[in-house]
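A short write-up of the structure that comes next.
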Amino acid sequence: MSPGKVLALTGGVGGAKLGLGLAHCLPPEALTFVVNTGDDFEHLGLPISPDLDTLLYTLAGEANAAQGWGREGESWTTLETLRALGGAAWFQLGDRDLALHLRRRELLDQGARLTEATAALAKAFRVPQALLPMSDSPVRTQVTTEQGLLAFQEYFVRERCAPAVSAIAYAGAEDASLSPELAAAFADPALSLIVLCPSNPFLSVAPLLAIPGLRAALAARRVPAVAICPLVGGAAVKGPTAKLMDELAMERTPAAIARYYDGFIDGLVLDQQDEAHAEAVRETGVTPDVAPTLMLSLEDKIALAEHTLRFGAALSA
Ligand code: FO1
């Protein structure tokens, strides 16, 4: 199947899983990723880009699947030594992972933009697809909680998503512009489909939509955009999506997801368990489609990717 070029908007683990499936279905030059950087932060003086790194490790076959983040075959000597010295060990950087952040620090200090540093890292990992950060300037997801305002990783890792959330902001998004690489990807005449991967709508996709240029490019798309619903049976496959939907008083249904992406998607893939919700999705003006969306094996990931590509092609027909 050759549907032209595909732009996949992605966040953490769920996005990386579908990303791997898409990478098995498309030639490398036909697949570009636009990756959330709202989770990024500086830790111990190092620039950490968790979602870029999860995708990079996944595409390179180096991801620690059991852990859901970080690198396979990891050792923790530096972290344990740091802990013994009284250093900040709440955010766990493995020895091998640490080398990636050190290299990113080196590249940025040499004047590279995050997009260029990411391209250099992808090349070193022999990942042939383009991995484009959503922005070269910092955008930082901030969470207003019952404990006050928390930076994203403080909320997610240090507090384990426990505090109730009343608002989420994406600091820096309003001033962020599209990188030339991202602008070119949207303007590419060979582009045929945009995919919103099954990532957390508030934490992974909303930061992208908060960037005015990205929002405008998506709203003005000339090709179909298809999202994969991150809920299965009203629950999130992983992470705090369902908890956040409750705290932000959003109904936990595929139709609520379709409304949240209003104007940015044409189709929504729902899990087969949620088939009964298809009509409610259609009533929002979004075309529903049903498929198994749980991605446990590589075969599941490829099957969902193939399904999504077929659905996208049918929408543009
Ligand atoms: N997630 C954790 O739950 N605990 C950690 O200590 C942790 C360390 C870490 C280091 C590098 C990296 O790239 C990601 C890391 N993550 C960790 C995952 C990450 O914080 C989140 O999963 C994402 O930001 C959410 O998409």
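Labels for the structure tokens follow display order: chains A, B, ..., residues from 1 in each chain, ligands from 1.
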
TODO: Give the residues close to ligand 1, within 6 Å, counting only C-alpha atoms and all ligand atoms; write them as a PyMOL selection string.
DONE: chain A and resi 12+39+49-51+53+69-70+91-93+153+157

Generate the output file for the selected residues, N, CA, C and O atoms, as a CSV table (one decimal), in the first residue's frame.
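Below is the file part_37.csv, written as the result:
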chain,number,residue,atom,x,y,z
A,12,GLY,N,3.8,10.1,23.9
A,12,GLY,CA,4.7,9.1,24.5
A,12,GLY,C,4.5,7.7,24.0
A,12,GLY,O,4.4,7.5,22.8
A,39,ASP,N,6.7,17.8,27.4
A,39,ASP,CA,7.2,17.1,28.6
A,39,ASP,C,8.7,17.4,28.8
A,39,ASP,O,9.2,16.9,29.8
A,49,SER,N,14.2,15.1,26.6
A,49,SER,CA,13.1,15.2,25.7
A,49,SER,C,12.4,13.8,25.7
A,49,SER,O,12.6,13.0,24.8
A,50,PRO,N,11.6,13.5,26.7
A,50,PRO,CA,11.1,12.1,26.9
A,50,PRO,C,10.4,11.5,25.7
A,50,PRO,O,10.6,10.4,25.3
A,51,ASP,N,9.5,12.3,25.1
A,51,ASP,CA,8.7,11.7,24.0
A,51,ASP,C,9.5,11.5,22.7
A,51,ASP,O,9.4,10.5,22.0
A,53,ASP,N,12.6,10.8,22.8
A,53,ASP,CA,13.5,9.7,23.1
A,53,ASP,C,12.8,8.3,23.1
A,53,ASP,O,13.3,7.3,22.6
A,69,TRP,N,9.6,3.5,29.3
A,69,TRP,CA,10.4,4.7,29.0
A,69,TRP,C,11.9,4.2,29.1
A,69,TRP,O,12.2,3.2,29.7
A,70,GLY,N,12.8,5.0,28.6
A,70,GLY,CA,14.2,4.7,28.7
A,70,GLY,C,14.7,3.6,27.8
A,70,GLY,O,13.9,3.1,26.9
A,91,PHE,N,14.1,11.5,39.2
A,91,PHE,CA,14.0,11.3,37.8
A,91,PHE,C,15.1,10.4,37.4
A,91,PHE,O,16.3,10.8,37.5
A,92,GLN,N,14.8,9.2,37.0
A,92,GLN,CA,15.8,8.1,36.8
A,92,GLN,C,16.4,8.2,35.4
A,92,GLN,O,15.7,7.9,34.4
A,93,LEU,N,17.7,8.5,35.4
A,93,LEU,CA,18.4,8.5,34.1
A,93,LEU,C,19.4,7.3,34.2
A,93,LEU,O,20.3,7.3,35.0
A,153,GLN,N,7.0,17.1,34.6
A,153,GLN,CA,7.7,16.0,35.2
A,153,GLN,C,7.6,15.9,36.7
A,153,GLN,O,7.6,14.8,37.3
A,157,VAL,N,6.2,12.3,37.2
A,157,VAL,CA,7.1,11.3,37.8
A,157,VAL,C,7.2,11.5,39.3
A,157,VAL,O,7.0,10.6,40.0

Need to verify the contact set: segment 116-127 of chain A, 8 Å, only C-alpha atoms, exclusion of same-chain residues closer than 6 positions in sequence. Can you return it as a PDB file with N, CA and C atoms, in the first residue's frame?
ATOM      1  N   LEU A  52      10.438  12.435  22.446  1.00  0.00           N
ATOM      2  CA  LEU A  52      11.350  12.213  21.312  1.00  0.00           C
ATOM      3  C   LEU A  52      12.175  10.954  21.556  1.00  0.00           C
ATOM      4  N   LEU A  56      12.405   7.532  19.499  1.00  0.00           N
ATOM      5  CA  LEU A  56      13.711   7.171  18.929  1.00  0.00           C
ATOM      6  C   LEU A  56      14.122   5.759  19.362  1.00  0.00           C
ATOM      7  N   LEU A  59      11.800   3.112  17.631  1.00  0.00           N
ATOM      8  CA  LEU A  59      12.085   2.883  16.204  1.00  0.00           C
ATOM      9  C   LEU A  59      13.437   2.184  16.023  1.00  0.00           C
ATOM     10  N   ALA A  60      14.352   2.436  16.972  1.00  0.00           N
ATOM     11  CA  ALA A  60      15.687   1.827  16.874  1.00  0.00           C
ATOM     12  C   ALA A  60      15.712   0.413  17.465  1.00  0.00           C
ATOM     13  N   LEU A 100      22.809   9.778  25.899  1.00  0.00           N
ATOM     14  CA  LEU A 100      21.987  10.454  24.881  1.00  0.00           C
ATOM     15  C   LEU A 100      21.753  11.919  25.277  1.00  0.00           C
ATOM     16  N   ARG A 104      22.970  15.304  23.439  1.00  0.00           N
ATOM     17  CA  ARG A 104      22.030  16.372  23.049  1.00  0.00           C
ATOM     18  C   ARG A 104      22.506  17.718  23.610  1.00  0.00           C
ATOM     19  N   LEU A 107      25.326  18.946  21.424  1.00  0.00           N
ATOM     20  CA  LEU A 107      24.862  19.455  20.124  1.00  0.00           C
ATOM     21  C   LEU A 107      24.190  20.821  20.282  1.00  0.00           C
ATOM     22  N   LEU A 108      23.341  20.961  21.304  1.00  0.00           N
ATOM     23  CA  LEU A 108      22.649  22.245  21.513  1.00  0.00           C
ATOM     24  C   LEU A 108      23.662  23.332  21.872  1.00  0.00           C
ATOM     25  N   PRO A 133      10.703  17.668  16.315  1.00  0.00           N
ATOM     26  CA  PRO A 133      10.097  18.219  17.532  1.00  0.00           C
ATOM     27  C   PRO A 133       9.018  19.216  17.136  1.00  0.00           C
TER      28      PRO A 133
END

TODO: Name the residues of segment 27-114 of chain A that come out as strand (DSSP E) in a backbone DSSP run; write them as a PyMOL selection string.
DONE: chain A and resi 31-35+41-43+46-48

Open item on the list: Using Å and a single decimal, report how far atom CA of Ala65 of chain A sits from atom CA of Pro28 of chain A.
Closed with: 22.6 Å

Task: DSSP alpha helix (DSSP H) residues within segment 29-105 of chain A, as number ranges by chain - done: A: 50-59, 77-84, 95-105

Find the residues of segment 120-199 of chain A that sit at most 9 Å from segment 295-313 of chain A; for each, write down the nearest two atoms and how far apart they are in Å, to one decimal. Count only C-alpha atoms. Sort by chain, then by number going up, and give it as JSON lines.
{"residue": "A:Ser192", "atom": "CA", "partner": "A:Ala313", "partner_atom": "CA", "distance": 8.1}
{"residue": "A:Leu193", "atom": "CA", "partner": "A:Gly312", "partner_atom": "CA", "distance": 6.3}
{"residue": "A:Ile194", "atom": "CA", "partner": "A:Gly312", "partner_atom": "CA", "distance": 8.3}
{"residue": "A:Val195", "atom": "CA", "partner": "A:Thr308", "partner_atom": "CA", "distance": 8.0}

File of the preceding selection, N, CA, C and O atoms, as a short mmCIF file (atom, residue, chain, number, x, y, z; two decimals), in the first residue's frame:
data_model
loop_
_atom_site.label_atom_id
_atom_site.label_comp_id
_atom_site.auth_asym_id
_atom_site.auth_seq_id
_atom_site.Cartn_x
_atom_site.Cartn_y
_atom_site.Cartn_z
N SER A 192 -0.34 12.95 2.17
CA SER A 192 -1.67 12.43 1.88
C SER A 192 -2.49 12.13 3.13
O SER A 192 -3.69 11.90 3.03
N LEU A 193 -1.85 12.09 4.28
CA LEU A 193 -2.60 11.74 5.49
C LEU A 193 -1.90 12.28 6.73
O LEU A 193 -0.67 12.24 6.82
N ILE A 194 -2.72 12.76 7.67
CA ILE A 194 -2.20 13.16 8.99
C ILE A 194 -2.81 12.19 10.01
O ILE A 194 -4.01 11.93 9.99
N VAL A 195 -1.97 11.66 10.88
CA VAL A 195 -2.44 10.72 11.90
C VAL A 195 -2.17 11.30 13.28
O VAL A 195 -1.04 11.70 13.58
#

Task: Point-to-point distance in Å for atom CA of Thr284 of chain A and atom CA of Glu251 of chain A - done: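 About the pair atom CA of Glu251 of chain A and atom CA of Thr284 of chain A: they are 14.1 Å apart.
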
- [ ] Provide the atom CA of Ala176 of chain A to atom CA of Arg215 of chain A distance in Å, to one decimal place.
- [x] 11.4 Å

TODO: May I ask which of the residues A:Gly14, A:Gly239, A:Gly61, A:Pro198 is the closest one to Leu270 of chain A, counting only C-alpha atoms?
DONE: A:Pro198

- [ ] Considering only C-alpha atoms, return as number ranges by chain whatever protein or nucleic-acid residues lie within 7 Å of Ala210 of chain A, sequence-local ones (same chain, fewer than 6 positions apart) excluded.
- [x] A: 170, 173-174

Can you tell me which residues surround Pro27 of chain A at a distance of at most 12 Å, considering only C-alpha atoms, apart from same-chain residues fewer than 2 positions away, and format the answer as a short mmCIF file (atom, residue, chain, number, x, y, z; two decimals) with C-alpha atoms, in the first residue's frame?
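Heads up, here's the output in out.cif:
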data_model
loop_
_atom_site.label_atom_id
_atom_site.label_comp_id
_atom_site.auth_asym_id
_atom_site.auth_seq_id
_atom_site.Cartn_x
_atom_site.Cartn_y
_atom_site.Cartn_z
CA MET A 1 0.00 0.00 0.00
CA SER A 2 1.48 3.39 -0.92
CA PRO A 3 -0.71 6.22 0.36
CA GLY A 4 1.80 9.02 -0.26
CA LYS A 5 3.41 10.73 2.69
CA VAL A 6 2.12 10.47 6.22
CA GLY A 21 3.59 -0.05 13.20
CA LEU A 22 3.56 2.77 10.63
CA ALA A 23 7.32 2.40 10.17
CA HIS A 24 6.71 -1.23 9.15
CA CYS A 25 4.05 -0.22 6.59
CA GLU A 29 10.88 8.79 3.38
CA ALA A 30 7.06 8.58 3.46
CA LEU A 31 6.82 8.85 7.24
CA THR A 32 7.49 11.99 9.30
CA PRO A 128 15.72 6.72 8.85
CA GLN A 129 12.38 8.48 9.46
CA ALA A 130 12.25 12.23 10.15
#

Task: Among the residues A:Ala276, A:Leu82, A:Ile257, A:Leu20, the one that comes closest to Thr58 of chain A [using only C-alpha atoms] - done: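 Nearest candidate to Thr58 of chain A out of A:Ala276, A:Leu82, A:Ile257, A:Leu20: A:Leu20.
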
Open item on the list: My list of candidates is A:Asp175, A:Asp40, A:Asp246, A:Glu279. Which is closest to Ile211 of chain A when distances are computed with only C-alpha atoms?
Closed with: A:Asp175

Open item on the list: Need the shell around Ala280 of chain A: protein/DNA/RNA residues with any atom at most 10 Å away, counting only C-alpha atoms. Skip same-chain ones fewer than 6 positions apart. Format as a ChimeraX atom specification?
Closed with: /A:253-256,258,286,288

Open item on the list: When you count only C-alpha atoms, which of these residues is closest to Leu214 of chain A: A:Leu85, A:Ala183, A:Cys161, A:Leu294?
Closed with: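 Selected residue with least distance to Leu214 of chain A: A:Ala183.
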